[in-house]
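Written out below as structure tokens is the structure these notes cover.
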Amino acid sequence: MTAIPPNPPADEYPPYDPATVERTWAARWKERGTHKTDLTGAKDPFYALMMFPYPSAEGLHVGNLFAFTGNDIYGRFHRQKGHDVFEPLGYDAFGIHSENFALKVGVHPMELIPRNIQNFRRQLDRAGLMVDWSQSVDTTDPSYYKWTQWVFLQLFKRGLAYRKEAAVNWCPSCKTVLANEQVEHGHCERCGTLVELRDLTQWFFRISGHAPRLLANLDTLDWSESTKQAQRNWIGKSDGAELVFSVSDTQADAGSATVAVTEEYAIAEDRIRVFTTRPDTIFGATYLVLAPEHPLVDAITTAEQRVVVEAYRERTRKQDLVTRKTTKEKTGVSTGAYAVNPATEQLVPVWIADYVLMDYGTGAIMAVPGHDERDFAFAMQFDLPITRVVVRDGEHAHHPISVEPVLDTTLGRLCNSGRFDGLTVDEGKRTITDWLAARGTARPVTQYRLHDWCISRQRYWGPQIPIIHCAACGPVPVPEQDLPVILPNIPDFKPDDSGISPLARHAEWYHVACPACGAAARRETDVSDTFLDSAWYFLRYPSAHHAAAPFDPALTKTWLPVTSYIGGNEHAVLHLLYARFITMVLKDAGHLDFEEPFTRFRAHGMIIREGAKMSKSKGNVINPDVYFEEWGADAFRTYLMFLGPYEEGGDFRDRGISGVKRFLDRIWGSVHECTVEGTPDDAVMRKLHQTIKKVGEDIPALAYNTAIAAMMEYVNVMRTGERAVHRAEVEPLVQLVASFAPHLGEACWETLGHTASVFDSGWPAFDPKRLVADTWECVVQVNGKLRGKVTLAVGATQAAAMTAALADATIAKFVTGEPKKVIFVPGRLLNIVA
RNA sequence: GCCCGGAUGGCGGAACCGGCAGACGCAGGGGACUCAAAAUCCCCCGAGGGCAACCUCUUGUGGGUUCGAUUCCCACUCCGGGCACCA
């Protein structure tokens, strides 16, 4: 055992005290304007965007901090790499969430929100983010929502904003309409209340028309695959055909259909259009089913049947999903009407059932019970004919009725399909669609699941939809020069069950002259969805002080589209889809010259705590203030980045921070103790060059946890025992660690004698020649099993390796006789196969 | 049901393009320094066997390809996320 030299005198330099260091540097950054970006003079603009927070009363969530820190490191790194980095942040402060909280605590949102923002700002300042606060946005500021209203008008002008009476999602607790995206499994995303359908006149954005572009562009974007996949699922493309069945007024005598045709029919429309992805199975379509809300239903049902149908409609309105999803049993009613299958020209009965949905396709389906699970269950229930029209190769082709539907027909061939027998499914789809199209009873159709975006909210806390309703002129846009429509400060902002915004109660605001004809008119009282506020905020940051337009053309050209966007995947189908849509529309309107706002997007993971999701009820919510206080922002930031892969998140454990704090302590110590005497150690310098390379590769890949591990490894090598650290060994390390622990980075950089910011010091270069030693350790395997190691010179031949290996007795004893085969991978291993 | 991820020590997690499984950190054990404690520094730390040199087993399960598999292929189990009576 070697003697351990005594500890160096600890009082020769100040100990690492995060509170002092962080206070000092926060003040200096402010003083020196370190975080201000030269927006007009930037040569190499790099827009590092993070999703702006909703300033809740609870204060900054550790999830926010995790997200922002990851973005901050990315931004600081690119600044060191020589880019002009712009890292803005603002507040998404409108919306139901804020309003509900204001109602709960009985404080007006106009009072509450500025208070919350102030608290957020205090916490954000403590976190050491490189945010340029001179370019912030607050969605509730009239200078911001003026332009949100302007965006609405751009859509209105292009016919992309329209009003219609529709069954919309109504949350009886929040007392407002919700977008489809805000309904989760039939429940309100915010409060969990069962959502009802209500018929109301609402404003919609025609996003569905953009579905093909929104889908196709995804292939060109550098985004997290999971996010792109979520958008693809949500847009929901299906290729198929629309087929036409004519309704027959002839009494049918078709085999198993026993329902008599009543005399009451007054058929308004004599054709039923259905959408199918399987036109090849048309010969197996033995009945039709209409959704209860289908416009033809009333015309072909008796009063008696309508009672049943009404019950189905009621169930749909109430979103009775428990009944709908747990019972496999199908409910339906026969109408007694018949339609003509365009392929077989047979009469098929028309049914009404609530397993067919009005808001997808045409609200009517052709049922192919031989090959669809739901149709099969329905046919069994009501004794409807089942025909098999696809058969797998080698199977019997003529089952009269199959006992079970044949679902996987991807490899099959058509049967019972007249002259199309023997075609594959894919051939059948094409050939049959063409054949029917020639007869005028089919056309190829692509369906999308994406619905138009309902943007009206019957609430108070949002930007007014800038429309004036005039009896003579209809809905008239508020002239652009009259924007913004200012949100009045009213005390009674609580919504009621009427479905009308509280603002309607304020006559002085509500009544207004029509901008077109001057007649008495009334203001639109709905506000727009919060997601409209956030659908364009990234366009505003560079132009935050621009009064004449929402975004300055020159600045927009310099800074957009966004270089890098980092945020949570919970916004994969809400915010991220809407932002793409709005950008596309603004491009089409000539206001932008790009149509995709975010060149690169990465979804970060989620932080859980001790294996469980953080929640107030579990009491395991992290208050960042406590950790800032106890460990310092730098250690807290670094720990958040260390606890798992950034894109996956990780498990927060209080005790884990101590390791990171120790790591920062050791850097502090090395910087203060380092010497310029002597020369740096070769092996240490080799490790340093390897570390520079590794960290420089890991940060752009968001592999922060392994970047930190690599720096820790280096510190272990550099500071082993009590060896004297050379200045050249530690100086580049300060540059590497600075983006993780920015206050410490600056302080150490200053200690090393620099006067400018470490973030303007560049990124250290590594020398490829210094990455490798002149010998390497060769792993020796015998029959694939590790049996030993030998040290070889770089460039050693296989023969030299063999000689060295066989000289080792432990290895040699496993080699019996002449080897059959030898695998030698220079730099890696030698495998002797006996 | 369909589409994405994922499963590795007591714990969080590493592992380039198929080449030493368990880097880094936490927790744990031992030691140095100290009157003592903290801090700091050093050593050990997947399981089993052996006095030891060493040996055997081990990356959710079962197969396969390969000189060699955490990594590739096939089948399956479980967990997380998206979509879902979507025709």
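Order determines the names: the first chain of the structure tokens is A, the second B, and so forth; residues in each chain are numbered 1 upward, and ligands are numbered 1 upward as they are shown.
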**OP:** Tell me, as a ChimeraX atom specification, which residues lie within 12 Å of C55 (chain B), counting only C-alpha atoms (C1' of nucleotides); anything in the same chain fewer than 6 positions away does not count.
**Re:** /A:787,810 /B:48-49
Keeping all heavy atoms, export the residues of the selection given above as a CSV table (one decimal), in the first residue's frame.
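Saved result, selection_30.csv, follows:
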chain,number,residue,atom,x,y,z
A,787,ARG,N,-10.6,-15.8,-22.8
A,787,ARG,CA,-9.6,-16.6,-22.0
A,787,ARG,C,-8.4,-15.8,-21.5
A,787,ARG,O,-7.6,-16.3,-20.8
A,787,ARG,CB,-9.1,-17.8,-22.8
A,787,ARG,CG,-10.2,-18.8,-23.2
A,787,ARG,CD,-10.8,-19.4,-22.0
A,787,ARG,NE,-11.8,-20.4,-22.3
A,787,ARG,CZ,-12.6,-21.0,-21.5
A,787,ARG,NH1,-12.5,-20.7,-20.2
A,787,ARG,NH2,-13.5,-21.9,-21.9
A,810,THR,N,-2.4,-19.5,-19.4
A,810,THR,CA,-3.8,-19.6,-19.2
A,810,THR,C,-4.6,-19.7,-20.5
A,810,THR,O,-5.6,-20.5,-20.6
A,810,THR,CB,-4.3,-18.3,-18.5
A,810,THR,OG1,-3.4,-17.9,-17.5
A,810,THR,CG2,-5.7,-18.6,-17.8
B,48,G,P,-24.1,-15.7,-4.4
B,48,G,OP1,-24.9,-16.0,-3.2
B,48,G,OP2,-23.0,-14.8,-4.4
B,48,G,O5',-23.7,-17.1,-5.1
B,48,G,C5',-24.6,-18.2,-5.2
B,48,G,C4',-24.0,-19.3,-6.0
B,48,G,O4',-23.7,-18.8,-7.3
B,48,G,C3',-22.7,-19.8,-5.4
B,48,G,O3',-22.9,-20.7,-4.3
B,48,G,C2',-22.2,-20.6,-6.7
B,48,G,O2',-22.9,-21.8,-6.9
B,48,G,C1',-22.6,-19.6,-7.8
B,48,G,N9,-21.5,-18.7,-8.1
B,48,G,C8,-21.3,-17.4,-7.7
B,48,G,N7,-20.2,-16.9,-8.1
B,48,G,C5,-19.6,-17.9,-8.8
B,48,G,C6,-18.3,-17.9,-9.5
B,48,G,O6,-17.5,-17.0,-9.6
B,48,G,N1,-18.1,-19.2,-10.1
B,48,G,C2,-19.0,-20.2,-10.0
B,48,G,N2,-18.6,-21.4,-10.7
B,48,G,N3,-20.1,-20.2,-9.4
B,48,G,C4,-20.4,-19.0,-8.8
B,49,G,P,-21.6,-20.7,-3.3
B,49,G,OP1,-22.1,-21.5,-2.1
B,49,G,OP2,-21.2,-19.4,-3.0
B,49,G,O5',-20.5,-21.5,-4.1
B,49,G,C5',-20.7,-22.9,-4.4
B,49,G,C4',-19.6,-23.4,-5.2
B,49,G,O4',-19.4,-22.6,-6.4
B,49,G,C3',-18.2,-23.3,-4.6
B,49,G,O3',-18.0,-24.3,-3.6
B,49,G,C2',-17.3,-23.5,-5.8
B,49,G,O2',-17.3,-24.9,-6.2
B,49,G,C1',-18.1,-22.7,-6.8
B,49,G,N9,-17.5,-21.3,-6.9
B,49,G,C8,-18.1,-20.2,-6.3
B,49,G,N7,-17.3,-19.1,-6.6
B,49,G,C5,-16.3,-19.6,-7.4
B,49,G,C6,-15.2,-18.9,-7.9
B,49,G,O6,-14.9,-17.7,-7.8
B,49,G,N1,-14.3,-19.7,-8.6
B,49,G,C2,-14.5,-21.1,-8.8
B,49,G,N2,-13.6,-21.8,-9.5
B,49,G,N3,-15.6,-21.7,-8.3
B,49,G,C4,-16.4,-20.9,-7.6
If you take only C-alpha atoms (C1' of nucleotides) and a cut-off of 7 Å, which residues of chain A touch chain B, and what are their nearest atom pairs and distances in Å to one decimal, in chain and number order, as a Markdown table?
| residue | atom | partner | partner_atom | distance |
| --- | --- | --- | --- | --- |
| A:Ile4 | CA | B:A32 | C1' | 7.0 |
| A:Ser226 | CA | B:C4 | C1' | 6.1 |
| A:Gln229 | CA | B:C4 | C1' | 6.7 |
| A:Ala230 | CA | B:G82 | C1' | 5.2 |
| A:Asn233 | CA | B:C83 | C1' | 5.6 |
| A:Trp234 | CA | B:C83 | C1' | 6.8 |
| A:Phe275 | CA | B:A87 | C1' | 6.8 |
| A:Thr276 | CA | B:A87 | C1' | 5.6 |
| A:Tyr355 | CA | B:C85 | C1' | 4.9 |
| A:Val356 | CA | B:C85 | C1' | 7.0 |
| A:Tyr360 | CA | B:C86 | C1' | 6.2 |
| A:Ile365 | CA | B:A87 | C1' | 6.0 |
| A:Arg374 | CA | B:C85 | C1' | 6.8 |
| A:Arg449 | CA | B:C86 | C1' | 6.8 |
| A:Leu643 | CA | B:G12 | C1' | 6.2 |
| A:Gly644 | CA | B:G13 | C1' | 6.5 |
| A:Asp651 | CA | B:G12 | C1' | 6.6 |
| A:Arg655 | CA | B:C26 | C1' | 6.7 |
| A:Gly656 | CA | B:C26 | C1' | 5.3 |
| A:Gly659 | CA | B:G25 | C1' | 6.0 |
| A:Ala709 | CA | B:C24 | C1' | 4.5 |
| A:Met712 | CA | B:C24 | C1' | 6.8 |
| A:Glu713 | CA | B:C24 | C1' | 6.9 |
| A:Gly721 | CA | B:C41 | C1' | 6.2 |
| A:Val779 | CA | B:C20 | C1' | 6.4 |
| A:Asn783 | CA | B:C67 | C1' | 6.4 |
| A:Gly784 | CA | B:G68 | C1' | 5.0 |
| A:Ile823 | CA | B:C67 | C1' | 6.9 |
| A:Arg828 | CA | B:G19 | C1' | 6.6 |
| A:Leu829 | CA | B:G19 | C1' | 6.7 |
| A:Asn831 | CA | B:C67 | C1' | 6.8 |
| A:Val833 | CA | B:C67 | C1' | 6.0 |
Original post:
If you run DSSP on this backbone, which residues of region 421-505 of chain A come out as helix (DSSP H, G or I), and could you give them as a PyMOL selection string?
Top reply: chain A and resi 425-438+480-482+502-505
Any chance you could export the current selection's C-alpha atoms as a compact mmCIF listing (two decimals), in the first residue's frame?
# COMPACT_ATOMS: atom_id res chain seq x y z
CA VAL A 425 -57.18 -9.05 -52.85
CA ASP A 426 -55.04 -6.22 -54.20
CA GLU A 427 -55.92 -7.00 -57.81
CA GLY A 428 -59.55 -7.28 -56.79
CA LYS A 429 -59.58 -3.85 -55.16
CA ARG A 430 -58.31 -2.22 -58.32
CA THR A 431 -60.19 -4.28 -60.89
CA ILE A 432 -63.57 -4.17 -59.16
CA THR A 433 -63.33 -0.43 -58.45
CA ASP A 434 -62.54 0.18 -62.14
CA TRP A 435 -65.37 -2.08 -63.26
CA LEU A 436 -67.93 -0.38 -60.99
CA ALA A 437 -66.57 3.07 -61.84
CA ALA A 438 -67.20 2.38 -65.51
CA GLU A 480 -57.79 45.01 -39.30
CA GLN A 481 -57.19 48.58 -38.21
CA ASP A 482 -59.71 48.05 -35.38
CA PRO A 502 -70.37 35.62 -20.17
CA LEU A 503 -69.42 38.60 -22.34
CA ALA A 504 -72.90 38.47 -23.93
CA ARG A 505 -74.25 39.85 -20.66
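In this structure, CA of Arg413 (chain A) sits 19.0 Å away from CA of Glu373 (chain A).
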Original post:
Of the candidates A:Tyr565, A:Tyr537, A:Phe245, A:Phe68, which shows the shortest atom-to-atom distance to Trp223 (chain A), using only C-alpha atoms?
Top reply: A:Tyr565
**OP:** Mind the document's chain letters and residue numbers, and return as JSON, numbers by chain the residues of region 281-493 of chain A that DSSP labels strand (DSSP E or B).
**Re:** {"A": [287, 288, 289, 290, 332, 333, 334, 335, 336, 337, 338, 339, 340, 347, 348, 349, 350, 351, 352, 353, 364, 365, 366, 367, 390, 391, 413, 414, 424, 442, 443, 444, 445, 446, 447, 448, 453, 454, 456, 457, 464, 467, 468, 469, 470, 474, 475, 476, 477]}
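As for CA of Phe493 (chain A) and CA of Glu524 (chain A), they are spaced 15.9 Å apart.
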Neighbour list for Thr139 (chain A) as a PDB file with N, CA, C and O atoms, in the first residue's frame, cut-off 7 Å, only C-alpha atoms (C1' of nucleotides), skip fewer than 4 positions in-chain:
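Heads up, here's the output in out13.pdb:
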ATOM      1  N   TYR A  91     -44.939  33.153 -22.306  1.00  0.00           N
ATOM      2  CA  TYR A  91     -45.983  32.546 -21.479  1.00  0.00           C
ATOM      3  C   TYR A  91     -47.259  32.305 -22.269  1.00  0.00           C
ATOM      4  O   TYR A  91     -47.750  33.197 -22.953  1.00  0.00           O
ATOM      5  N   ASP A  92     -47.792  31.123 -22.126  1.00  0.00           N
ATOM      6  CA  ASP A  92     -49.032  30.713 -22.777  1.00  0.00           C
ATOM      7  C   ASP A  92     -50.129  30.837 -21.722  1.00  0.00           C
ATOM      8  O   ASP A  92     -50.497  29.854 -21.094  1.00  0.00           O
ATOM      9  N   ALA A  93     -50.616  32.054 -21.533  1.00  0.00           N
ATOM     10  CA  ALA A  93     -51.354  32.327 -20.294  1.00  0.00           C
ATOM     11  C   ALA A  93     -52.866  32.427 -20.448  1.00  0.00           C
ATOM     12  O   ALA A  93     -53.576  32.566 -19.448  1.00  0.00           O
ATOM     13  N   PHE A  94     -53.364  32.351 -21.674  1.00  0.00           N
ATOM     14  CA  PHE A  94     -54.804  32.315 -21.859  1.00  0.00           C
ATOM     15  C   PHE A  94     -55.292  30.880 -21.680  1.00  0.00           C
ATOM     16  O   PHE A  94     -54.512  29.946 -21.728  1.00  0.00           O
ATOM     17  N   TYR A 144     -50.044  41.108 -28.279  1.00  0.00           N
ATOM     18  CA  TYR A 144     -49.899  39.769 -28.856  1.00  0.00           C
ATOM     19  C   TYR A 144     -51.221  39.292 -29.442  1.00  0.00           C
ATOM     20  O   TYR A 144     -51.294  38.909 -30.608  1.00  0.00           O
ATOM     21  N   TYR A 145     -52.324  39.358 -28.648  1.00  0.00           N
ATOM     22  CA  TYR A 145     -53.541  38.733 -29.149  1.00  0.00           C
ATOM     23  C   TYR A 145     -54.194  39.534 -30.271  1.00  0.00           C
ATOM     24  O   TYR A 145     -55.027  39.008 -31.001  1.00  0.00           O
ATOM     25  N   ASP A 533     -53.515  30.487 -29.897  1.00  0.00           N
ATOM     26  CA  ASP A 533     -52.463  31.373 -29.361  1.00  0.00           C
ATOM     27  C   ASP A 533     -51.080  30.774 -29.605  1.00  0.00           C
ATOM     28  O   ASP A 533     -50.137  31.472 -29.960  1.00  0.00           O
TER      29      ASP A 533
END
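If you look at CA of Lys36 (chain A) and CA of Phe86 (chain A), they are 8.0 Å away from each other.
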Would you list the contacts of Arg459 (chain A) as a PDB file with C-alpha atoms, in the first residue's frame, taking every protein, DNA or RNA residue within 10 Å and counting only C-alpha atoms (C1' of nucleotides), but skipping same-chain residues closer than 5 positions in sequence?
ATOM      1  CA  GLY A  95     -57.159  29.388 -21.590  1.00  0.00           C
ATOM      2  CA  ILE A  96     -59.553  27.312 -19.595  1.00  0.00           C
ATOM      3  CA  GLU A  99     -59.664  30.601 -15.958  1.00  0.00           C
ATOM      4  CA  CYS A 174     -65.907  23.400 -17.839  1.00  0.00           C
ATOM      5  CA  LYS A 175     -69.110  24.548 -19.546  1.00  0.00           C
ATOM      6  CA  THR A 176     -67.495  24.839 -22.916  1.00  0.00           C
ATOM      7  CA  VAL A 177     -66.893  23.159 -26.206  1.00  0.00           C
ATOM      8  CA  GLN A 464     -62.259  37.354 -28.889  1.00  0.00           C
ATOM      9  CA  PHE A 493     -66.608  35.996 -15.969  1.00  0.00           C
ATOM     10  CA  LYS A 494     -68.026  32.690 -14.777  1.00  0.00           C
ATOM     11  CA  PRO A 495     -69.573  30.611 -17.596  1.00  0.00           C
ATOM     12  CA  ASP A 496     -73.028  29.086 -17.316  1.00  0.00           C
ATOM     13  CA  GLY A 499     -73.436  27.769 -24.124  1.00  0.00           C
ATOM     14  CA  ILE A 500     -73.062  31.535 -24.479  1.00  0.00           C
ATOM     15  CA  SER A 501     -70.003  33.416 -23.292  1.00  0.00           C
ATOM     16  CA  PRO A 502     -70.374  35.622 -20.169  1.00  0.00           C
ATOM     17  CA  LEU A 503     -69.424  38.602 -22.345  1.00  0.00           C
ATOM     18  CA  THR A 525     -68.887  36.482 -27.948  1.00  0.00           C
ATOM     19  CA  ASP A 526     -66.874  33.275 -28.302  1.00  0.00           C
ATOM     20  CA  VAL A 527     -63.161  33.363 -27.679  1.00  0.00           C
ATOM     21  CA  SER A 528     -60.728  31.200 -29.620  1.00  0.00           C
ATOM     22  CA  ASP A 529     -59.076  28.013 -28.420  1.00  0.00           C
TER      23      ASP A 529
END
